[in-house]
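Coordinates from work.txt are shown below (compact mmCIF, C-alpha atoms).
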# COMPACT_ATOMS: atom_id res chain seq x y z
CA MET M 1 0.00 0.00 0.00
CA LEU M 2 2.81 2.40 0.96
CA PRO M 3 4.67 2.09 -2.42
CA LEU M 4 1.40 2.88 -4.22
CA VAL M 5 0.87 5.99 -2.10
CA LEU M 6 4.46 7.13 -2.76
CA ALA M 7 4.05 6.58 -6.50
CA LEU M 8 0.84 8.62 -6.59
CA SER M 9 2.52 11.37 -4.55
CA LEU M 10 5.40 11.53 -7.01
CA LEU M 11 3.00 11.78 -9.96
CA LEU M 12 1.28 14.71 -8.30
CA MET M 13 4.65 16.34 -7.64
CA LEU M 14 5.59 15.86 -11.28
CA ALA M 15 2.50 17.81 -12.26
CA ALA M 16 3.42 20.51 -9.78
CA ALA M 17 7.14 20.53 -10.61
CA PRO M 18 8.54 23.76 -12.00
CA ALA M 19 7.70 23.94 -15.67
CA ARG M 20 9.81 26.96 -16.52
CA ALA M 21 13.12 26.46 -18.28
CA PHE M 22 16.00 27.28 -16.00
CA THR M 23 18.99 28.88 -17.66
CA ASN M 24 21.51 27.48 -15.13
CA LEU M 25 21.76 25.23 -12.07
CA THR M 26 22.31 28.13 -9.67
CA GLU M 27 18.89 29.54 -10.61
CA LEU M 28 17.39 26.07 -10.16
CA GLN M 29 18.94 25.72 -6.69
CA ASP M 30 17.71 29.16 -5.56
CA THR M 31 14.18 28.37 -6.73
CA LEU M 32 14.10 24.82 -5.37
CA PHE M 33 14.80 25.85 -1.79
CA ILE M 34 12.27 28.68 -1.54
CA GLY M 35 10.17 27.94 1.55
CA TYR M 36 12.23 24.83 2.34
CA ASP M 37 12.68 24.06 6.07
CA ARG M 38 16.10 22.44 6.49
CA LEU M 39 15.39 21.60 10.16
CA ALA M 40 12.39 19.39 9.33
CA ARG M 41 13.12 15.82 8.28
CA PRO M 42 11.43 14.31 5.20
CA TYR M 43 8.11 12.56 5.90
CA ALA M 44 8.03 14.16 9.34
CA ALA M 45 4.24 13.88 9.58
CA GLU M 46 3.65 10.66 7.66
CA ASN M 47 6.34 8.02 8.12
CA LYS M 48 9.90 7.11 9.10
CA THR M 49 12.76 8.59 7.17
CA VAL M 50 14.78 5.70 5.74
CA ILE M 51 18.51 6.28 5.26
CA GLN M 52 20.24 3.77 3.02
CA CYS M 53 23.96 3.30 3.62
CA GLN M 54 26.80 1.98 1.54
CA TYR M 55 30.54 1.90 2.19
CA LYS M 56 33.88 0.93 0.70
CA LEU M 57 36.90 0.19 2.86
CA ASN M 58 39.86 1.59 0.97
CA LYS M 59 42.82 0.98 3.27
CA PHE M 60 43.46 -0.30 6.77
CA ASN M 61 46.22 1.87 8.24
CA GLY M 62 46.93 -0.26 11.31
CA LEU M 63 46.49 -0.22 15.07
CA ASP M 64 47.71 1.90 17.94
CA PRO M 65 47.87 -0.57 20.88
CA LEU M 66 48.71 2.13 23.42
CA ALA M 67 45.66 4.26 22.52
CA GLY M 68 43.44 1.25 21.74
CA THR M 69 42.50 2.60 18.30
CA PHE M 70 42.73 1.69 14.62
CA GLU M 71 42.73 3.90 11.52
CA MET M 72 40.67 3.28 8.39
CA ASP M 73 40.48 5.01 5.01
CA LEU M 74 36.93 4.60 3.64
CA TYR M 75 34.15 5.87 1.42
CA LEU M 76 30.60 6.30 2.76
CA ARG M 77 27.38 6.94 0.86
CA LEU M 78 24.07 7.91 2.50
CA GLN M 79 20.87 8.14 0.44
CA TRP M 80 17.28 9.06 1.28
CA VAL M 81 14.09 10.40 -0.29
CA ASP M 82 13.06 14.03 0.24
CA PRO M 83 9.76 14.70 -1.61
CA ARG M 84 10.19 18.45 -1.12
CA LEU M 85 13.12 18.47 -3.56
CA VAL M 86 11.32 17.15 -6.64
CA PHE M 87 11.80 18.72 -10.07
CA ASN M 88 12.00 17.63 -13.68
CA THR M 89 15.39 16.13 -14.54
CA SER M 90 15.56 17.31 -18.16
CA ILE M 91 17.88 20.19 -17.24
CA LEU M 92 20.46 17.81 -15.77
CA ASP M 93 21.07 15.71 -18.91
CA GLY M 94 21.25 12.57 -16.77
CA GLU M 95 23.82 13.96 -14.32
CA ALA M 96 23.51 14.37 -10.56
CA PHE M 97 22.79 17.86 -9.23
CA HIS M 98 25.41 19.04 -6.71
CA VAL M 99 23.78 21.19 -4.02
CA ASP M 100 25.11 23.29 -1.18
CA PRO M 101 24.62 20.94 1.84
CA SER M 102 23.87 23.87 4.15
CA LEU M 103 20.57 24.43 2.33
CA ALA M 104 19.04 20.98 2.80
CA TRP M 105 18.14 18.64 5.63
CA THR M 106 20.83 16.05 6.31
CA PRO M 107 20.72 13.16 8.79
CA ASP M 108 22.67 13.55 12.02
CA ILE M 109 24.63 10.31 11.67
CA TYR M 110 28.02 9.68 13.22
CA PHE M 111 30.41 6.87 14.11
CA TYR M 112 29.61 5.68 17.62
CA ASN M 113 33.18 4.46 18.36
CA GLU M 114 34.95 7.45 16.80
CA ALA M 115 38.08 8.20 18.84
CA ALA M 116 39.32 11.35 17.07
CA GLU M 117 37.99 13.91 14.65
CA MET M 118 37.75 12.49 11.14
CA LYS M 119 39.94 13.81 8.36
CA THR M 120 37.58 14.53 5.46
CA LEU M 121 39.22 14.15 2.05
CA ASP M 122 36.11 14.68 -0.06
CA TYR M 123 32.43 15.57 0.59
CA SER M 124 29.51 16.10 -1.77
CA PHE M 125 25.73 16.47 -1.49
CA LYS M 126 23.77 15.50 -4.59
CA LEU M 127 20.22 15.29 -5.88
CA LYS M 128 19.75 12.26 -8.10
CA ALA M 129 17.08 10.95 -10.43
CA GLY M 130 14.66 8.68 -8.60
CA GLY M 131 12.38 7.56 -11.45
CA LEU M 132 9.37 8.99 -13.26
CA GLY M 133 11.60 11.68 -14.75
CA LEU M 134 11.96 13.34 -11.34
CA THR M 135 14.83 14.11 -9.02
CA HIS M 136 14.04 13.40 -5.39
CA LEU M 137 16.88 11.20 -4.10
CA CYS M 138 19.34 12.95 -1.80
CA ALA M 139 22.81 11.48 -1.46
CA ILE M 140 25.86 12.33 0.61
CA GLU M 141 29.15 10.86 -0.56
CA GLN M 142 32.21 11.15 1.68
CA HIS M 143 35.81 10.03 1.57
CA PHE M 144 37.60 10.31 4.89
CA ILE M 145 40.13 8.78 7.26
CA MET M 146 38.73 7.70 10.62
CA THR M 147 40.39 6.84 13.91
CA MET M 148 38.15 4.37 15.73
CA ALA M 149 38.25 2.96 19.26
CA ALA M 150 38.61 -0.81 19.57
CA ASP M 151 38.88 -3.43 22.28
CA LEU M 152 42.28 -4.89 21.34
CA ASP M 153 43.51 -8.26 22.57
CA LEU M 154 47.29 -8.52 22.03
CA ALA M 155 47.93 -11.59 24.18
CA LEU M 156 49.01 -13.62 21.09
CA PHE M 157 51.09 -10.82 19.52
CA PRO M 158 52.52 -11.07 16.84
CA PHE M 159 50.18 -13.93 15.84
CA ASP M 160 47.06 -12.06 16.98
CA THR M 161 43.69 -11.61 15.30
CA GLN M 162 41.66 -8.49 16.05
CA ASN M 163 37.90 -8.00 15.78
CA LEU M 164 37.24 -4.38 14.79
CA GLU M 165 33.99 -2.49 14.20
CA LEU M 166 32.80 0.63 12.42
CA GLN M 167 29.59 1.59 14.23
CA LEU M 168 27.16 3.98 12.54
CA VAL M 169 24.28 5.44 14.57
CA SER M 170 21.99 8.49 14.88
CA TYR M 171 21.13 9.88 18.32
CA ALA M 172 19.11 12.81 16.93
CA PHE M 173 16.26 10.51 15.86
CA ASP M 174 15.14 7.26 17.43
CA ASN M 175 13.82 4.11 15.76
CA SER M 176 10.31 5.51 15.42
CA THR M 177 11.41 8.42 13.21
CA LEU M 178 14.60 7.33 11.41
CA LEU M 179 15.75 3.93 10.16
CA LEU M 180 19.23 3.06 8.98
CA GLU M 181 19.53 0.19 6.51
CA TRP M 182 22.02 -1.14 3.99
CA PHE M 183 21.47 -0.53 0.28
CA SER M 184 19.25 -3.16 -1.30
CA THR M 185 21.88 -3.59 -4.03
CA GLY M 186 24.57 -4.34 -1.47
CA ALA M 187 26.32 -2.72 1.46
CA VAL M 188 29.64 -2.40 -0.37
CA TYR M 189 30.13 0.74 -2.46
CA PRO M 190 30.68 -0.24 -6.13
CA ASP M 191 33.95 1.16 -7.44
CA PRO M 192 34.43 0.75 -11.22
CA MET M 193 38.11 1.67 -10.84
CA SER M 194 38.96 -1.35 -8.65
CA ASP M 195 38.18 -5.03 -8.31
CA PRO M 196 35.35 -5.39 -5.74
CA THR M 197 36.70 -8.83 -4.76
CA ALA M 198 40.22 -7.52 -4.08
CA PRO M 199 41.32 -7.75 -0.44
CA LEU M 200 41.58 -4.64 1.70
CA LYS M 201 44.98 -3.01 1.36
CA SER M 202 47.33 -3.26 4.32
CA ASP M 203 51.06 -3.66 4.84
CA ILE M 204 51.02 -5.96 7.87
CA TRP M 205 47.40 -7.14 8.12
CA THR M 206 45.24 -9.66 6.31
CA ILE M 207 41.50 -9.00 6.39
CA GLN M 208 39.96 -12.44 6.85
CA ASP M 209 36.28 -11.52 7.06
CA ILE M 210 33.96 -8.50 6.80
CA ALA M 211 30.38 -8.74 8.05
CA ASN M 212 27.59 -6.15 7.82
CA VAL M 213 25.43 -5.87 10.93
CA SER M 214 22.19 -3.96 11.49
CA GLY M 215 20.02 -3.56 14.56
CA SER M 216 19.11 -1.24 17.42
CA LEU M 217 21.27 0.48 19.99
CA THR M 218 19.53 1.05 23.32
CA GLU M 219 20.19 4.21 25.30
CA ILE M 220 21.80 3.77 28.72
CA SER M 221 18.51 4.60 30.45
CA GLY M 222 16.86 1.77 28.48
CA GLN M 223 14.04 4.04 27.33
CA THR M 224 14.94 4.71 23.69
CA ASP M 225 16.19 2.57 20.81
CA TYR M 226 18.26 4.02 17.98
CA SER M 227 18.85 2.52 14.57
CA PHE M 228 22.33 1.07 14.30
CA LEU M 229 24.62 -0.24 11.54
CA ALA M 230 28.04 -1.80 11.97
CA VAL M 231 30.81 -3.20 9.81
CA SER M 232 32.60 -6.00 11.64
CA ILE M 233 36.17 -6.62 10.44
CA GLU M 234 38.34 -9.60 11.37
CA ALA M 235 41.99 -8.64 10.84
CA LYS M 236 44.92 -11.02 11.25
CA ARG M 237 48.46 -9.70 11.63
CA ILE M 238 51.12 -10.80 9.14
CA PRO M 239 53.98 -11.83 11.48
CA ALA M 240 56.76 -12.15 8.87
CA TYR M 241 58.54 -8.97 10.08
CA TYR M 242 58.79 -10.23 13.67
CA ILE M 243 59.66 -13.80 12.67
CA THR M 244 62.66 -12.87 10.52
CA ARG M 245 64.01 -10.02 12.65
CA TYR M 246 63.42 -11.25 16.19
CA ILE M 247 61.93 -14.71 16.70
CA VAL M 248 64.37 -16.73 14.57
CA PRO M 249 67.57 -14.97 15.79
CA ILE M 250 66.57 -15.19 19.47
CA PHE M 251 65.47 -18.82 19.03
CA VAL M 252 68.87 -19.66 17.50
CA LEU M 253 70.65 -17.96 20.42
CA ALA M 254 68.63 -20.03 22.89
CA LEU M 255 69.49 -23.24 21.00
CA ALA M 256 73.14 -22.20 20.85
CA SER M 257 73.19 -21.93 24.64
CA SER M 258 72.98 -25.76 24.83
CA ALA M 259 76.44 -25.86 23.19
CA GLN M 260 77.88 -24.69 26.52
CA TYR M 261 77.30 -28.15 27.96
CA TRP M 262 79.64 -29.69 25.36
CA ILE M 263 82.57 -27.56 26.59
CA ASP M 264 84.84 -29.20 29.15
CA PRO M 265 84.07 -27.73 32.59
CA ALA M 266 87.82 -27.45 33.10
CA ALA M 267 87.91 -24.75 30.38
CA VAL M 268 86.49 -22.16 32.74
CA SER M 269 87.23 -19.01 30.70
CA THR M 270 85.91 -20.52 27.46
CA ARG M 271 82.67 -21.66 29.00
CA ILE M 272 81.99 -18.44 30.90
CA GLY M 273 82.88 -16.38 27.81
CA ALA M 274 80.41 -18.32 25.66
CA GLY M 275 77.60 -17.90 28.20
CA VAL M 276 78.18 -14.18 28.76
CA THR M 277 78.40 -13.51 25.00
CA LEU M 278 75.04 -15.22 24.39
CA LEU M 279 73.51 -13.37 27.32
CA LEU M 280 74.65 -9.98 26.05
CA ALA M 281 73.38 -10.83 22.57
CA VAL M 282 69.85 -11.61 23.77
CA VAL M 283 69.82 -8.50 26.00
CA SER M 284 70.70 -6.40 22.94
CA PHE M 285 67.79 -7.96 21.06
CA MET M 286 65.50 -7.14 24.00
CA PHE M 287 66.44 -3.46 23.84
CA ILE M 288 65.89 -3.30 20.07
CA LEU M 289 62.63 -5.25 20.27
CA SER M 290 61.20 -2.94 22.94
CA THR M 291 60.66 -0.25 20.30
CA ASP M 292 58.45 -2.60 18.23
CA LEU M 293 56.50 -4.25 21.05
CA PRO M 294 53.04 -2.93 21.96
CA LYS M 295 52.98 -1.04 25.26
CA VAL M 296 50.36 -3.00 27.20
CA SER M 297 49.94 -3.89 30.87
CA TYR M 298 50.10 -7.66 30.29
CA ASN M 299 52.66 -10.00 28.75
CA THR M 300 52.21 -10.86 25.09
CA SER M 301 53.41 -14.09 23.46
CA MET M 302 56.52 -12.24 22.28
CA ASP M 303 57.29 -11.05 25.82
CA LYS M 304 57.00 -14.60 27.16
CA PHE M 305 59.18 -15.99 24.37
CA VAL M 306 61.99 -13.46 24.87
CA LEU M 307 61.98 -13.89 28.66
CA THR M 308 62.03 -17.69 28.29
CA CYS M 309 65.02 -17.58 25.92
CA PHE M 310 66.78 -15.19 28.29
CA PHE M 311 66.19 -17.69 31.12
CA PHE M 312 67.66 -20.62 29.14
CA ILE M 313 70.83 -18.67 28.36
CA PHE M 314 71.18 -17.39 31.92
CA PHE M 315 70.54 -20.90 33.25
CA GLY M 316 73.64 -22.10 31.36
CA LEU M 317 75.83 -19.79 33.47
CA ILE M 318 74.13 -20.83 36.73
CA GLU M 319 74.46 -24.52 35.81
CA PHE M 320 78.18 -24.13 35.11
CA ALA M 321 78.73 -22.39 38.46
CA LEU M 322 76.98 -25.33 40.15
CA VAL M 323 78.98 -27.92 38.18
CA HIS M 324 82.27 -26.18 38.93
CA TRP M 325 81.46 -25.95 42.64
CA ILE M 326 80.41 -29.61 42.94
CA SER M 327 83.39 -30.91 40.97
CA GLY M 328 85.92 -29.41 43.35
CA ASP M 329 89.60 -30.21 43.00
CA ASN M 330 89.57 -33.96 43.59
CA GLU M 331 88.41 -35.74 40.42
CA ILE M 332 89.48 -39.29 41.38
CA GLY M 333 86.97 -41.63 42.96
CA GLU M 334 86.84 -45.37 43.58
CA ALA M 335 89.06 -47.75 41.53
CA GLU M 336 87.96 -51.14 40.31
CA LYS M 337 90.27 -53.87 38.88
CA GLU M 338 89.09 -55.68 35.77
CA ALA M 339 89.86 -59.30 34.81
CA ASP M 340 92.46 -58.22 32.23
CA GLY M 341 94.35 -56.31 34.88
CA SER M 342 93.08 -52.87 33.84
CA ILE M 343 91.93 -50.50 36.56
CA LEU M 344 88.75 -48.49 36.05
CA VAL M 345 88.80 -45.23 37.94
CA ALA M 346 85.38 -43.51 38.23
CA PRO M 347 85.06 -39.79 38.97
CA LYS M 348 84.60 -38.95 42.61
CA ASN M 349 81.30 -37.18 41.89
CA TRP M 350 79.44 -38.26 38.75
CA PHE M 351 76.58 -35.72 39.10
CA PRO M 352 78.29 -32.76 37.28
CA LEU M 353 79.04 -34.96 34.30
CA PHE M 354 75.51 -36.36 34.39
CA LEU M 355 74.03 -32.83 34.49
CA ASP M 356 76.10 -31.56 31.57
CA SER M 357 75.47 -34.66 29.48
CA SER M 358 71.71 -34.56 30.08
CA LEU M 359 71.28 -30.86 29.30
CA ARG M 360 73.06 -31.26 25.97
CA PHE M 361 69.92 -32.97 24.68
CA ILE M 362 67.15 -31.83 27.04
CA GLN M 363 67.62 -28.06 26.70
CA PRO M 364 67.13 -27.91 22.88
CA VAL M 365 63.91 -29.90 23.30
CA ALA M 366 62.84 -27.54 26.11
CA VAL M 367 63.54 -24.46 23.95
CA LEU M 368 61.43 -25.89 21.11
CA ALA M 369 58.57 -26.90 23.44
CA THR M 370 58.37 -23.53 25.19
CA THR M 371 58.47 -21.69 21.85
CA ILE M 372 55.44 -23.69 20.72
CA LEU M 373 53.67 -22.93 24.00
CA CYS M 374 54.40 -19.21 23.63
CA PHE M 375 53.13 -18.75 20.09
CA VAL M 376 50.57 -21.48 19.47
CA ASP M 377 47.17 -21.14 21.08
CA LEU M 378 46.88 -24.76 22.19
CA SER M 379 43.89 -26.36 23.83
CA PRO M 380 44.33 -27.77 27.37
CA GLY M 381 44.64 -31.22 25.78
CA GLY M 382 47.37 -29.98 23.44
CA ILE M 383 49.31 -28.41 26.33
CA ALA M 384 49.01 -31.62 28.35
CA GLY M 385 50.18 -33.72 25.39
CA LEU M 386 53.20 -31.49 24.76
CA SER M 387 54.10 -31.56 28.47
CA VAL M 388 53.89 -35.35 28.61
CA ALA M 389 56.04 -35.68 25.49
CA PHE M 390 58.69 -33.39 26.99
CA VAL M 391 58.71 -35.31 30.29
CA LEU M 392 59.07 -38.65 28.47
CA VAL M 393 61.94 -37.36 26.35
CA SER M 394 63.66 -35.94 29.43
CA LEU M 395 63.29 -39.21 31.35
CA PHE M 396 64.64 -41.22 28.42
CA VAL M 397 67.66 -38.95 28.00
CA SER M 398 68.33 -38.90 31.75
CA ALA M 399 68.15 -42.69 32.01
CA TRP M 400 70.45 -43.17 29.03
CA VAL M 401 72.97 -40.66 30.36
CA TYR M 402 72.79 -42.13 33.87
CA TYR M 403 73.74 -45.60 32.69
CA ASP M 404 76.39 -44.28 30.33
CA VAL M 405 77.90 -41.56 32.47
CA ARG M 406 80.46 -43.83 34.16
CA LYS M 407 81.83 -44.83 30.74
CA LEU M 408 82.01 -41.18 29.73
CA GLY M 409 83.92 -40.28 32.86
CA VAL M 410 86.02 -43.39 33.41
CA LYS M 411 89.82 -43.33 33.36
CA VAL M 412 91.48 -46.60 32.35
CA VAL M 413 94.82 -47.45 33.95
CA THR M 414 96.66 -50.55 32.66
CA THR M 415 99.08 -52.42 34.94
CA ALA M 416 101.76 -54.94 34.16
CA ASP M 417 101.43 -58.53 35.41
What does the file become when written as structure tokens?
Amino acid sequence: MLPLVLALSLLLMLAAAPARAFTNLTELQDTLFIGYDRLARPYAAENKTVIQCQYKLNKFNGLDPLAGTFEMDLYLRLQWVDPRLVFNTSILDGEAFHVDPSLAWTPDIYFYNEAAEMKTLDYSFKLKAGGLGLTHLCAIEQHFIMTMAADLDLALFPFDTQNLELQLVSYAFDNSTLLLEWFSTGAVYPDPMSDPTAPLKSDIWTIQDIANVSGSLTEISGQTDYSFLAVSIEAKRIPAYYITRYIVPIFVLALASSAQYWIDPAAVSTRIGAGVTLLLAVVSFMFILSTDLPKVSYNTSMDKFVLTCFFFIFFGLIEFALVHWISGDNEIGEAEKEADGSILVAPKNWFPLFLDSSLRFIQPVAVLATTILCFVDLSPGGIAGLSVAFVLVSLFVSAWVYYDVRKLGVKVVTTAD
């Protein structure tokens, strides 16, 4: 019934539309807005004003973890019907009529999660042909850069995925007077200059999904509902920069720390020098990395990884101090005569040799396991399985070293008959 009423109204307006021939568009604009009330919304007495929305995300400029914001370059189109602005379109030759926006009614629509004033790159207000040879469609087209607030979760940085939203709402008019809806032809702004299926441009982010949401936003008091549109964006960070510049080098340093246990404990200066060099190297990486890490109040996966690698390297120095202290000066233990007359002399204390020999194999496995735990979001079952595997490997290596350690540390003394 409503479309029929609108069609009849437009036919009547066509009959009443200015019949005179305008010599230019300025004259048309001056005549069109005579007696026009820019403070009154269209259909104020009869019905809701329906605002159709369309957008195009041009570029995702990244996140600011400290401020909890993200920046987006986008186009936005708003379109509605204003029956007061009807005239014959013959003067336009099929083109849209650009009008001074200060003369007409425009919807008070803004981004609900806007964190800073938008930077407008382009703005236009147009009257467009709406059928029946009449112009009555009003359209605002904007190109701007927005800084939006977001609830960021950087616990898995740099392998994190962020859920971001662009929230469009009007607080000047509630649901009973103004309705926001997506274009019937699609919410995404058609751009003939680019491929509509092309992914959103970004240097370090991959846009995995974009969803268009519509609904109502309830006022805090719970008394009034406002029409609401949102664009939900799922963005996944591309971690290649952090992998090649930080994760791989620090991981290699942590693995290299297990080489300390292959150095003879008697070579005190060599072993201490190797440990201190590795420690200074990882500390240098920590200082450089601090400029690229997000400044948040909790530890990210990268923080945990770097601290864990630092611990493994520092543990090598502590372990050597313990080994050197336990070994003491007396290396000769009990002697045992074999059947061939040889004498097997075991070390006085086999524990230092056992500790060094075990850590040669256990620490690389521990470095790999903790790296997986830091960067892979495992389920409780996955964490339990990885822990059990590490314990089994450690027990196997310890048992093998325990039974072989006497051979590794034995001195053979041959005697004449």
Quick one: everything within 9 Å of stretch 362-370 of chain M, counting only C-alpha atoms, minus sequence neighbours fewer than 6 positions away in the same chain. Send it as a PDB file with C-alpha atoms, in the coordinates of the input.
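Saved to around.pdb:
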ATOM      1  CA  PHE M 251      65.470 -18.820  19.030  1.00  0.00           C
ATOM      2  CA  ALA M 254      68.630 -20.030  22.890  1.00  0.00           C
ATOM      3  CA  LEU M 255      69.490 -23.240  21.000  1.00  0.00           C
ATOM      4  CA  ALA M 256      73.140 -22.200  20.850  1.00  0.00           C
ATOM      5  CA  SER M 257      73.190 -21.930  24.640  1.00  0.00           C
ATOM      6  CA  SER M 258      72.980 -25.760  24.830  1.00  0.00           C
ATOM      7  CA  PHE M 305      59.180 -15.990  24.370  1.00  0.00           C
ATOM      8  CA  THR M 308      62.030 -17.690  28.290  1.00  0.00           C
ATOM      9  CA  CYS M 309      65.020 -17.580  25.920  1.00  0.00           C
ATOM     10  CA  PHE M 312      67.660 -20.620  29.140  1.00  0.00           C
ATOM     11  CA  LEU M 386      53.200 -31.490  24.760  1.00  0.00           C
ATOM     12  CA  SER M 387      54.100 -31.560  28.470  1.00  0.00           C
ATOM     13  CA  PHE M 390      58.690 -33.390  26.990  1.00  0.00           C
ATOM     14  CA  VAL M 393      61.940 -37.360  26.350  1.00  0.00           C
ATOM     15  CA  SER M 394      63.660 -35.940  29.430  1.00  0.00           C
ATOM     16  CA  VAL M 397      67.660 -38.950  28.000  1.00  0.00           C
ATOM     17  CA  SER M 398      68.330 -38.900  31.750  1.00  0.00           C
TER      18      SER M 398
END
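Separating atom CA of M:Phe144 from atom CA of M:Lys59 is a distance of 10.8 Å.
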Selection near stretch 32-40 of chain M, 9 Å with all atoms listed in the file, sequence-local residues under 5 positions removed, as an mmCIF file with C-alpha atoms, in the coordinates of the input:
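And here's part.cif as it stands now:
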data_model
loop_
_atom_site.group_PDB
_atom_site.id
_atom_site.type_symbol
_atom_site.label_atom_id
_atom_site.label_comp_id
_atom_site.auth_asym_id
_atom_site.auth_seq_id
_atom_site.Cartn_x
_atom_site.Cartn_y
_atom_site.Cartn_z
ATOM 1 C CA PRO M 18 8.540 23.760 -12.000
ATOM 2 C CA GLU M 27 18.890 29.540 -10.610
ATOM 3 C CA ARG M 84 10.190 18.450 -1.120
ATOM 4 C CA LEU M 85 13.120 18.470 -3.560
ATOM 5 C CA VAL M 86 11.320 17.150 -6.640
ATOM 6 C CA PHE M 87 11.800 18.720 -10.070
ATOM 7 C CA SER M 102 23.870 23.870 4.150
ATOM 8 C CA LEU M 103 20.570 24.430 2.330
ATOM 9 C CA ALA M 104 19.040 20.980 2.800
ATOM 10 C CA TRP M 105 18.140 18.640 5.630
ATOM 11 C CA THR M 106 20.830 16.050 6.310
#
Next on the checklist: Applying 10 Å and all atoms listed in the file, which residues near M:Leu307 remain after dropping the ones on its own chain fewer than 5 positions away? List them as an NGL selection string.
Outcome noted: :M and (282-283 or 286 or 302 or 312)
Create the file for the chosen residues now, containing C-alpha atoms and written as a PDB file, in the coordinates of the input.
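The resulting file, out-v8.pdb, is shown below:
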ATOM      1  CA  VAL M 282      69.850 -11.610  23.770  1.00  0.00           C
ATOM      2  CA  VAL M 283      69.820  -8.500  26.000  1.00  0.00           C
ATOM      3  CA  MET M 286      65.500  -7.140  24.000  1.00  0.00           C
ATOM      4  CA  MET M 302      56.520 -12.240  22.280  1.00  0.00           C
ATOM      5  CA  PHE M 312      67.660 -20.620  29.140  1.00  0.00           C
TER       6      PHE M 312
END
Item to check | Option closest in space to M:Ser357, from M:Val323, M:Val296, M:Ile140, M:Ile372 [counting only C-alpha atoms] | outcome: M:Val323
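The coordinates place atom CA of M:Ala115 at 12.2 Å from atom CA of M:Asp151.
Near M:Tyr55, within 8 Å and counting all atoms listed in the file, sit Leu74, Tyr75, Leu76, Arg77, Ala187, Val188 and Tyr189 of chain M; same-chain residues fewer than 5 positions away were not included.
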Writer output for current selection, C-alpha atoms, as a short mmCIF file (atom, residue, chain, number, x, y, z; two decimals), in the frame of the given file:
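Writing done, so here's again.cif:
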data_model
loop_
_atom_site.label_atom_id
_atom_site.label_comp_id
_atom_site.auth_asym_id
_atom_site.auth_seq_id
_atom_site.Cartn_x
_atom_site.Cartn_y
_atom_site.Cartn_z
CA LEU M 74 36.93 4.60 3.64
CA TYR M 75 34.15 5.87 1.42
CA LEU M 76 30.60 6.30 2.76
CA ARG M 77 27.38 6.94 0.86
CA ALA M 187 26.32 -2.72 1.46
CA VAL M 188 29.64 -2.40 -0.37
CA TYR M 189 30.13 0.74 -2.46
#
Could the residues of stretch 31-147 of chain M that have an atom at most 10 Å from stretch 224-236 of chain M be listed as a tab-separated table, each with its closest atom pair and the distance in Å to one decimal, counting all atoms listed in the file and ordered by chain and ascending residue number?
residue	atom	partner	partner_atom	distance
M:Cys53	CA	M:Leu229	CA	8.7
M:Tyr55	CA	M:Val231	CA	9.2
M:Leu57	CA	M:Val231	CA	9.8
M:Phe60	CA	M:Ala235	CA	9.4
M:Gly62	CA	M:Ala235	CA	9.7
M:Ile109	CA	M:Phe228	CA	9.9
M:Phe111	CA	M:Ala230	CA	9.2
M:Tyr112	CA	M:Phe228	CA	9.2
Could you take the residues named above and write them with C-alpha atoms, as a compact mmCIF listing (two decimals), in the coordinates of the input?
# COMPACT_ATOMS: atom_id res chain seq x y z
CA CYS M 53 23.96 3.30 3.62
CA TYR M 55 30.54 1.90 2.19
CA LEU M 57 36.90 0.19 2.86
CA PHE M 60 43.46 -0.30 6.77
CA GLY M 62 46.93 -0.26 11.31
CA ILE M 109 24.63 10.31 11.67
CA PHE M 111 30.41 6.87 14.11
CA TYR M 112 29.61 5.68 17.62
